[in-house]
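Containing PDB, C-alpha atoms: coords.pdb.
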ATOM      1  CA  PRO E 815     -15.418  10.535  29.087  1.00  0.00           C
ATOM      2  CA  GLN E 816     -18.611  11.537  27.208  1.00  0.00           C
ATOM      3  CA  THR E 817     -16.569  13.126  24.428  1.00  0.00           C
ATOM      4  CA  MET E 818     -14.548   9.942  23.950  1.00  0.00           C
ATOM      5  CA  LYS E 819     -17.720   7.841  23.742  1.00  0.00           C
ATOM      6  CA  PHE E 820     -19.112  10.200  21.108  1.00  0.00           C
ATOM      7  CA  ILE E 821     -15.873  10.112  19.085  1.00  0.00           C
ATOM      8  CA  THR E 822     -15.748   6.315  19.282  1.00  0.00           C
ATOM      9  CA  LYS E 823     -19.345   6.032  18.039  1.00  0.00           C
ATOM     10  CA  ILE E 824     -19.090   8.643  15.288  1.00  0.00           C
ATOM     11  CA  THR E 825     -15.703   7.609  13.829  1.00  0.00           C
ATOM     12  CA  PRO E 826     -17.030   4.648  11.733  1.00  0.00           C
ATOM     13  CA  VAL E 827     -19.771   6.896  10.352  1.00  0.00           C
ATOM     14  CA  LEU E 828     -17.245   9.569   9.378  1.00  0.00           C
ATOM     15  CA  ILE E 829     -15.041   6.962   7.689  1.00  0.00           C
ATOM     16  CA  LEU E 830     -17.998   5.724   5.645  1.00  0.00           C
ATOM     17  CA  LEU E 831     -18.913   9.282   4.646  1.00  0.00           C
ATOM     18  CA  ALA E 832     -15.316   9.962   3.592  1.00  0.00           C
ATOM     19  CA  PHE E 833     -15.312   6.776   1.489  1.00  0.00           C
ATOM     20  CA  ALA E 834     -18.577   7.824  -0.163  1.00  0.00           C
ATOM     21  CA  ALA E 835     -17.280  11.320  -0.908  1.00  0.00           C
ATOM     22  CA  ILE E 836     -14.051  10.050  -2.480  1.00  0.00           C
ATOM     23  CA  ASN E 837     -15.636   7.243  -4.492  1.00  0.00           C
ATOM     24  CA  ALA E 838     -17.664   8.946  -7.168  1.00  0.00           C
ATOM     25  CA  PRO E 839     -20.521   7.050  -8.843  1.00  0.00           C
ATOM     26  CA  GLY E 840     -19.269   4.657 -11.505  1.00  0.00           C
ATOM     27  CA  VAL E 841     -15.777   4.441 -10.031  1.00  0.00           C
ATOM     28  CA  LYS E 842     -15.033   1.017  -8.645  1.00  0.00           C
ATOM     29  CA  ALA E 843     -13.380   1.080  -5.252  1.00  0.00           C
ATOM     30  CA  PHE E 844     -12.205  -1.299  -2.586  1.00  0.00           C
ATOM     31  CA  GLU E 845     -14.725  -1.396   0.266  1.00  0.00           C
ATOM     32  CA  PRO E 846     -13.205  -2.634   3.522  1.00  0.00           C
ATOM     33  CA  ASP E 847     -14.651  -4.885   6.168  1.00  0.00           C
ATOM     34  CA  LEU E 848     -15.107  -2.289   8.915  1.00  0.00           C
ATOM     35  CA  SER E 849     -14.263  -4.865  11.595  1.00  0.00           C
ATOM     36  CA  SER E 850     -10.817  -5.510  10.065  1.00  0.00           C
ATOM     37  CA  GLU E 851      -8.065  -3.143  11.172  1.00  0.00           C
ATOM     38  CA  ILE E 852      -5.750  -4.002   8.258  1.00  0.00           C
ATOM     39  CA  GLN E 853      -8.559  -3.415   5.747  1.00  0.00           C
ATOM     40  CA  LEU E 854      -9.335  -0.026   7.288  1.00  0.00           C
ATOM     41  CA  ASP E 855      -5.633   0.882   7.217  1.00  0.00           C
ATOM     42  CA  VAL E 856      -5.438  -0.134   3.546  1.00  0.00           C
ATOM     43  CA  LYS E 857      -8.509   1.969   2.707  1.00  0.00           C
ATOM     44  CA  ARG E 858      -6.993   4.976   4.508  1.00  0.00           C
ATOM     45  CA  ALA E 859      -3.771   4.476   2.529  1.00  0.00           C
ATOM     46  CA  ILE E 860      -5.785   4.370  -0.715  1.00  0.00           C
ATOM     47  CA  LEU E 861      -7.560   7.604   0.215  1.00  0.00           C
ATOM     48  CA  GLN E 862      -4.206   9.161   1.117  1.00  0.00           C
ATOM     49  CA  ILE E 863      -2.571   8.416  -2.243  1.00  0.00           C
ATOM     50  CA  ARG E 864      -5.675   9.503  -4.191  1.00  0.00           C
ATOM     51  CA  ASN E 865      -5.785  12.789  -2.271  1.00  0.00           C
ATOM     52  CA  ARG E 866      -2.064  13.418  -2.699  1.00  0.00           C
ATOM     53  CA  ASP E 867      -2.049  12.615  -6.422  1.00  0.00           C
ATOM     54  CA  PRO E 868      -5.381  12.161  -8.241  1.00  0.00           C
ATOM     55  CA  SER E 869      -3.536  11.003 -11.383  1.00  0.00           C
ATOM     56  CA  VAL E 870      -2.796   7.701  -9.575  1.00  0.00           C
ATOM     57  CA  GLN E 871      -6.407   6.711 -10.311  1.00  0.00           C
ATOM     58  CA  LYS E 872      -5.295   5.390 -13.713  1.00  0.00           C
ATOM     59  CA  PHE E 873      -3.328   2.674 -11.908  1.00  0.00           C
ATOM     60  CA  PHE E 874      -6.327   1.681  -9.773  1.00  0.00           C
ATOM     61  CA  ASP E 875      -8.538   1.592 -12.889  1.00  0.00           C
ATOM     62  CA  ASN E 876      -6.197  -0.247 -15.259  1.00  0.00           C
ATOM     63  CA  SER E 877      -4.168  -2.670 -13.152  1.00  0.00           C
ATOM     64  CA  ALA E 878      -4.819  -6.398 -12.792  1.00  0.00           C
ATOM     65  CA  GLY E 879      -4.498  -5.889  -9.048  1.00  0.00           C
ATOM     66  CA  TYR E 880      -2.473  -4.088  -6.440  1.00  0.00           C
ATOM     67  CA  ALA E 881      -0.751  -4.596  -3.099  1.00  0.00           C
ATOM     68  CA  ILE E 882      -1.019  -1.937  -0.409  1.00  0.00           C
ATOM     69  CA  PHE E 883       1.228  -1.826   2.667  1.00  0.00           C
ATOM     70  CA  PRO E 884      -0.224   0.975   4.818  1.00  0.00           C
ATOM     71  CA  ASN E 885       2.408   0.983   7.603  1.00  0.00           C
ATOM     72  CA  VAL E 886       5.956  -0.023   6.774  1.00  0.00           C
ATOM     73  CA  GLY E 887       8.462   0.713   9.543  1.00  0.00           C
ATOM     74  CA  LYS E 888      12.111   1.158   8.656  1.00  0.00           C
ATOM     75  CA  GLY E 889      15.152   1.822  10.794  1.00  0.00           C
ATOM     76  CA  GLY E 890      18.856   1.323  10.860  1.00  0.00           C
ATOM     77  CA  PHE E 891      22.335   2.147  12.004  1.00  0.00           C
ATOM     78  CA  MET E 892      24.859   0.636   9.566  1.00  0.00           C
ATOM     79  CA  ILE E 893      22.556  -2.397   9.214  1.00  0.00           C
ATOM     80  CA  GLY E 894      18.933  -1.595   8.545  1.00  0.00           C
ATOM     81  CA  GLY E 895      15.646  -3.307   8.151  1.00  0.00           C
ATOM     82  CA  ALA E 896      12.010  -2.698   7.378  1.00  0.00           C
ATOM     83  CA  TYR E 897       8.803  -4.648   7.742  1.00  0.00           C
ATOM     84  CA  GLY E 898       5.145  -4.170   6.923  1.00  0.00           C
ATOM     85  CA  ARG E 899       1.939  -6.122   6.344  1.00  0.00           C
ATOM     86  CA  GLY E 900      -0.555  -5.472   3.612  1.00  0.00           C
ATOM     87  CA  LEU E 901      -3.267  -6.801   1.348  1.00  0.00           C
ATOM     88  CA  VAL E 902      -3.440  -7.804  -2.295  1.00  0.00           C
ATOM     89  CA  ILE E 903      -6.601  -6.443  -3.908  1.00  0.00           C
ATOM     90  CA  VAL E 904      -8.003  -7.955  -7.138  1.00  0.00           C
ATOM     91  CA  ASN E 905     -11.297  -6.788  -8.650  1.00  0.00           C
ATOM     92  CA  GLU E 906     -11.718  -4.532  -5.601  1.00  0.00           C
ATOM     93  CA  GLN E 907     -11.818  -7.570  -3.270  1.00  0.00           C
ATOM     94  CA  VAL E 908      -9.188  -8.841  -0.830  1.00  0.00           C
ATOM     95  CA  ASP E 909      -7.369 -11.629  -2.656  1.00  0.00           C
ATOM     96  CA  GLY E 910      -4.677 -12.328  -0.079  1.00  0.00           C
ATOM     97  CA  ASP E 911      -2.361 -11.188   2.677  1.00  0.00           C
ATOM     98  CA  THR E 912       1.148 -10.025   1.948  1.00  0.00           C
ATOM     99  CA  SER E 913       4.201  -8.819   3.807  1.00  0.00           C
ATOM    100  CA  VAL E 914       7.350  -6.930   2.919  1.00  0.00           C
ATOM    101  CA  SER E 915      10.714  -7.227   4.618  1.00  0.00           C
ATOM    102  CA  GLN E 916      13.874  -5.378   3.782  1.00  0.00           C
ATOM    103  CA  LEU E 917      17.494  -5.715   4.775  1.00  0.00           C
ATOM    104  CA  SER E 918      20.138  -3.143   3.920  1.00  0.00           C
ATOM    105  CA  ILE E 919      23.814  -2.720   4.701  1.00  0.00           C
ATOM    106  CA  GLY E 920      25.799   0.495   4.444  1.00  0.00           C
ATOM    107  CA  ALA E 921      25.944   4.031   5.746  1.00  0.00           C
ATOM    108  CA  GLN E 922      22.520   4.670   7.284  1.00  0.00           C
ATOM    109  CA  ILE E 923      20.987   6.071  10.408  1.00  0.00           C
ATOM    110  CA  GLY E 924      17.465   6.876  11.529  1.00  0.00           C
ATOM    111  CA  GLY E 925      13.930   5.594  11.319  1.00  0.00           C
ATOM    112  CA  GLN E 926      11.015   6.127   9.015  1.00  0.00           C
ATOM    113  CA  LYS E 927       7.413   5.076   8.478  1.00  0.00           C
ATOM    114  CA  TYR E 928       5.890   4.934   5.021  1.00  0.00           C
ATOM    115  CA  SER E 929       3.101   3.481   2.906  1.00  0.00           C
ATOM    116  CA  LEU E 930       3.982   1.287  -0.068  1.00  0.00           C
ATOM    117  CA  TYR E 931       1.795   0.763  -3.153  1.00  0.00           C
ATOM    118  CA  ILE E 932       2.504  -1.822  -5.864  1.00  0.00           C
ATOM    119  CA  PHE E 933       0.340  -1.967  -8.996  1.00  0.00           C
ATOM    120  CA  PHE E 934       0.465  -4.972 -11.329  1.00  0.00           C
ATOM    121  CA  LYS E 935       0.065  -4.124 -15.010  1.00  0.00           C
ATOM    122  CA  ASP E 936      -1.388  -7.468 -16.050  1.00  0.00           C
ATOM    123  CA  GLN E 937      -2.267 -10.938 -14.838  1.00  0.00           C
ATOM    124  CA  VAL E 938       1.261 -12.183 -15.620  1.00  0.00           C
ATOM    125  CA  ALA E 939       2.873  -9.662 -13.240  1.00  0.00           C
ATOM    126  CA  LEU E 940       0.233 -10.327 -10.565  1.00  0.00           C
ATOM    127  CA  GLU E 941       0.696 -14.104 -10.771  1.00  0.00           C
ATOM    128  CA  ARG E 942       4.490 -13.716 -10.633  1.00  0.00           C
ATOM    129  CA  PHE E 943       4.079 -11.765  -7.391  1.00  0.00           C
ATOM    130  CA  LYS E 944       1.681 -14.344  -5.959  1.00  0.00           C
ATOM    131  CA  ARG E 945       3.649 -17.505  -6.786  1.00  0.00           C
ATOM    132  CA  GLU E 946       7.216 -16.365  -6.101  1.00  0.00           C
ATOM    133  CA  ASN E 947       8.907 -14.811  -3.142  1.00  0.00           C
ATOM    134  CA  PHE E 948       8.946 -11.595  -5.139  1.00  0.00           C
ATOM    135  CA  GLU E 949      12.095  -9.487  -4.729  1.00  0.00           C
ATOM    136  CA  PHE E 950      13.487  -6.286  -6.098  1.00  0.00           C
ATOM    137  CA  SER E 951      15.905  -3.532  -5.129  1.00  0.00           C
ATOM    138  CA  ALA E 952      14.613  -1.505  -2.208  1.00  0.00           C
ATOM    139  CA  GLN E 953      14.857   1.989  -3.594  1.00  0.00           C
ATOM    140  CA  ALA E 954      15.446   1.354  -7.293  1.00  0.00           C
ATOM    141  CA  SER E 955      11.916   1.562  -8.633  1.00  0.00           C
ATOM    142  CA  ALA E 956       9.747   3.374  -6.082  1.00  0.00           C
ATOM    143  CA  VAL E 957       8.274   6.789  -6.926  1.00  0.00           C
ATOM    144  CA  ALA E 958       7.688   9.202  -4.045  1.00  0.00           C
ATOM    145  CA  VAL E 959       4.138  10.476  -4.408  1.00  0.00           C
ATOM    146  CA  THR E 960       3.667  14.170  -4.994  1.00  0.00           C
ATOM    147  CA  SER E 961       0.898  15.854  -6.917  1.00  0.00           C
ATOM    148  CA  GLY E 962       1.125  14.736 -10.542  1.00  0.00           C
ATOM    149  CA  ALA E 963       3.851  12.113  -9.979  1.00  0.00           C
ATOM    150  CA  ALA E 964       1.683   9.250 -11.228  1.00  0.00           C
ATOM    151  CA  ALA E 965       0.894  11.056 -14.467  1.00  0.00           C
ATOM    152  CA  THR E 966       4.457  10.552 -15.700  1.00  0.00           C
ATOM    153  CA  THR E 967       5.057   7.135 -14.146  1.00  0.00           C
ATOM    154  CA  SER E 968       4.844   3.911 -16.119  1.00  0.00           C
ATOM    155  CA  TYR E 969       5.185   0.232 -15.345  1.00  0.00           C
ATOM    156  CA  ASP E 970       8.654  -1.326 -15.083  1.00  0.00           C
ATOM    157  CA  ASN E 971       8.750  -5.106 -15.581  1.00  0.00           C
ATOM    158  CA  GLY E 972       4.978  -5.176 -15.095  1.00  0.00           C
ATOM    159  CA  VAL E 973       4.891  -3.255 -11.803  1.00  0.00           C
ATOM    160  CA  ALA E 974       4.584   0.371 -10.734  1.00  0.00           C
ATOM    161  CA  VAL E 975       5.670   1.200  -7.184  1.00  0.00           C
ATOM    162  CA  PHE E 976       4.829   4.289  -5.142  1.00  0.00           C
ATOM    163  CA  THR E 977       5.665   5.367  -1.598  1.00  0.00           C
ATOM    164  CA  ILE E 978       4.348   8.025   0.750  1.00  0.00           C
ATOM    165  CA  SER E 979       6.490   8.926   3.746  1.00  0.00           C
ATOM    166  CA  ASP E 980       4.452   9.158   6.926  1.00  0.00           C
ATOM    167  CA  GLY E 981       7.167  10.492   9.185  1.00  0.00           C
ATOM    168  CA  GLY E 982      10.658  10.078  10.471  1.00  0.00           C
ATOM    169  CA  LEU E 983      14.004  10.767   8.915  1.00  0.00           C
ATOM    170  CA  MET E 984      16.359   8.255   7.395  1.00  0.00           C
ATOM    171  CA  ALA E 985      19.713   9.111   5.863  1.00  0.00           C
ATOM    172  CA  GLU E 986      21.225   6.276   3.897  1.00  0.00           C
ATOM    173  CA  ALA E 987      23.663   5.262   1.220  1.00  0.00           C
ATOM    174  CA  SER E 988      23.122   1.546   1.372  1.00  0.00           C
ATOM    175  CA  ILE E 989      22.470  -1.518  -0.709  1.00  0.00           C
ATOM    176  CA  GLY E 990      19.738  -3.993  -0.054  1.00  0.00           C
ATOM    177  CA  GLY E 991      16.543  -5.465  -1.308  1.00  0.00           C
ATOM    178  CA  GLN E 992      12.940  -6.095  -0.445  1.00  0.00           C
ATOM    179  CA  ARG E 993      11.275  -9.477  -0.227  1.00  0.00           C
ATOM    180  CA  PHE E 994       7.527  -9.976  -0.462  1.00  0.00           C
ATOM    181  CA  THR E 995       5.399 -12.900   0.630  1.00  0.00           C
ATOM    182  CA  TYR E 996       1.822 -13.703  -0.376  1.00  0.00           C
ATOM    183  CA  GLU E 997      -0.832 -15.914   1.179  1.00  0.00           C
ATOM    184  CA  SER E 998      -4.145 -16.414  -0.605  1.00  0.00           C
ATOM    185  CA  ARG E 999      -7.421 -15.948   1.262  1.00  0.00           C
ATOM    186  CA  ASN E1000      -9.212 -18.273  -1.179  1.00  0.00           C
TER     187      ASN E1000
END
Can you turn what I pasted into structure tokens?
Amino acid sequence: PQTMKFITKITPVLILLAFAAINAPGVKAFEPDLSSEIQLDVKRAILQIRNRDPSVQKFFDNSAGYAIFPNVGKGGFMIGGAYGRGLVIVNEQVDGDTSVSQLSIGAQIGGQKYSLYIFFKDQVALERFKRENFEFSAQASAVAVTSGAAATTSYDNGVAVFTISDGGLMAEASIGGQRFTYESRN
């Protein structure tokens, strides 16, 4: 019981120290509202991708904004689906809430959890995402993050998409697409 109380009290302090260590002076970075679970999850996802591939920093530094989905769940048996909630960050501030849903049909079995990162090259791509029910092929343009993967990745139609698998196993040969929604916080 005492140990749990200590862990509960010290965890926010450790998170803040980790944020400070990762965010070097002069580097702009999203700072979450510590009372918001989704903002903390997004910040953890940002730390995860930066730790896995430091070359991704160029996308954080040079994009008009980005959408982070820290926990996308996916599963299927012949018919599959996925869903996750996230945030759109512009100028290192929460601009809006977003969600992703996916439907796929074909040979598939299993379940998987992953983080999804979408960077918008310019204001045109960001506004297109915000005003439309943005859609694109589920697996066509995502880059699995490994060390150095971002260094050779470029924007496609104004967006760069990365994923990090957080567990599970999914075997599939399916067709489908992802649909994104956006709701402004302003």
List the residues matched by the PyMOL selection byres ((chain E and resi 880) around 9) in the displayed structure as a count of residues only, ordered by chain and then by residue number.
17
Quick one: distance from atom CA of Thr977 of chain E to atom CA of Lys927 of chain E in Å, one decimal?
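Taking atom CA of Thr977 of chain E as the start and atom CA of Lys927 of chain E as the end point, the length is 10.2 Å.
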What does the structure give for the distance between atom CA of Pro884 of chain E and atom CA of Phe943 of chain E, in Å to one decimal?
18.2 Å
Tell me which protein, DNA and RNA residues are within 9 Å of Leu930 of chain E, counting only C-alpha atoms, leaving out same-chain ones fewer than 6 positions away, and put them as a list in words.
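My reading of the contact set: Ala859, Ala881, Ile882, Phe883, Pro884, Asn885, Val886, Gly898, Gly900, Ala956, Val975, Phe976, Thr977, Ile978 and Ser979 of chain E.
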I need the residue nearest Val914 of chain E from this list: E:Ala896, E:Tyr928, E:Gly972, E:Asp867. Use all atoms listed in the file for the distance.
E:Ala896
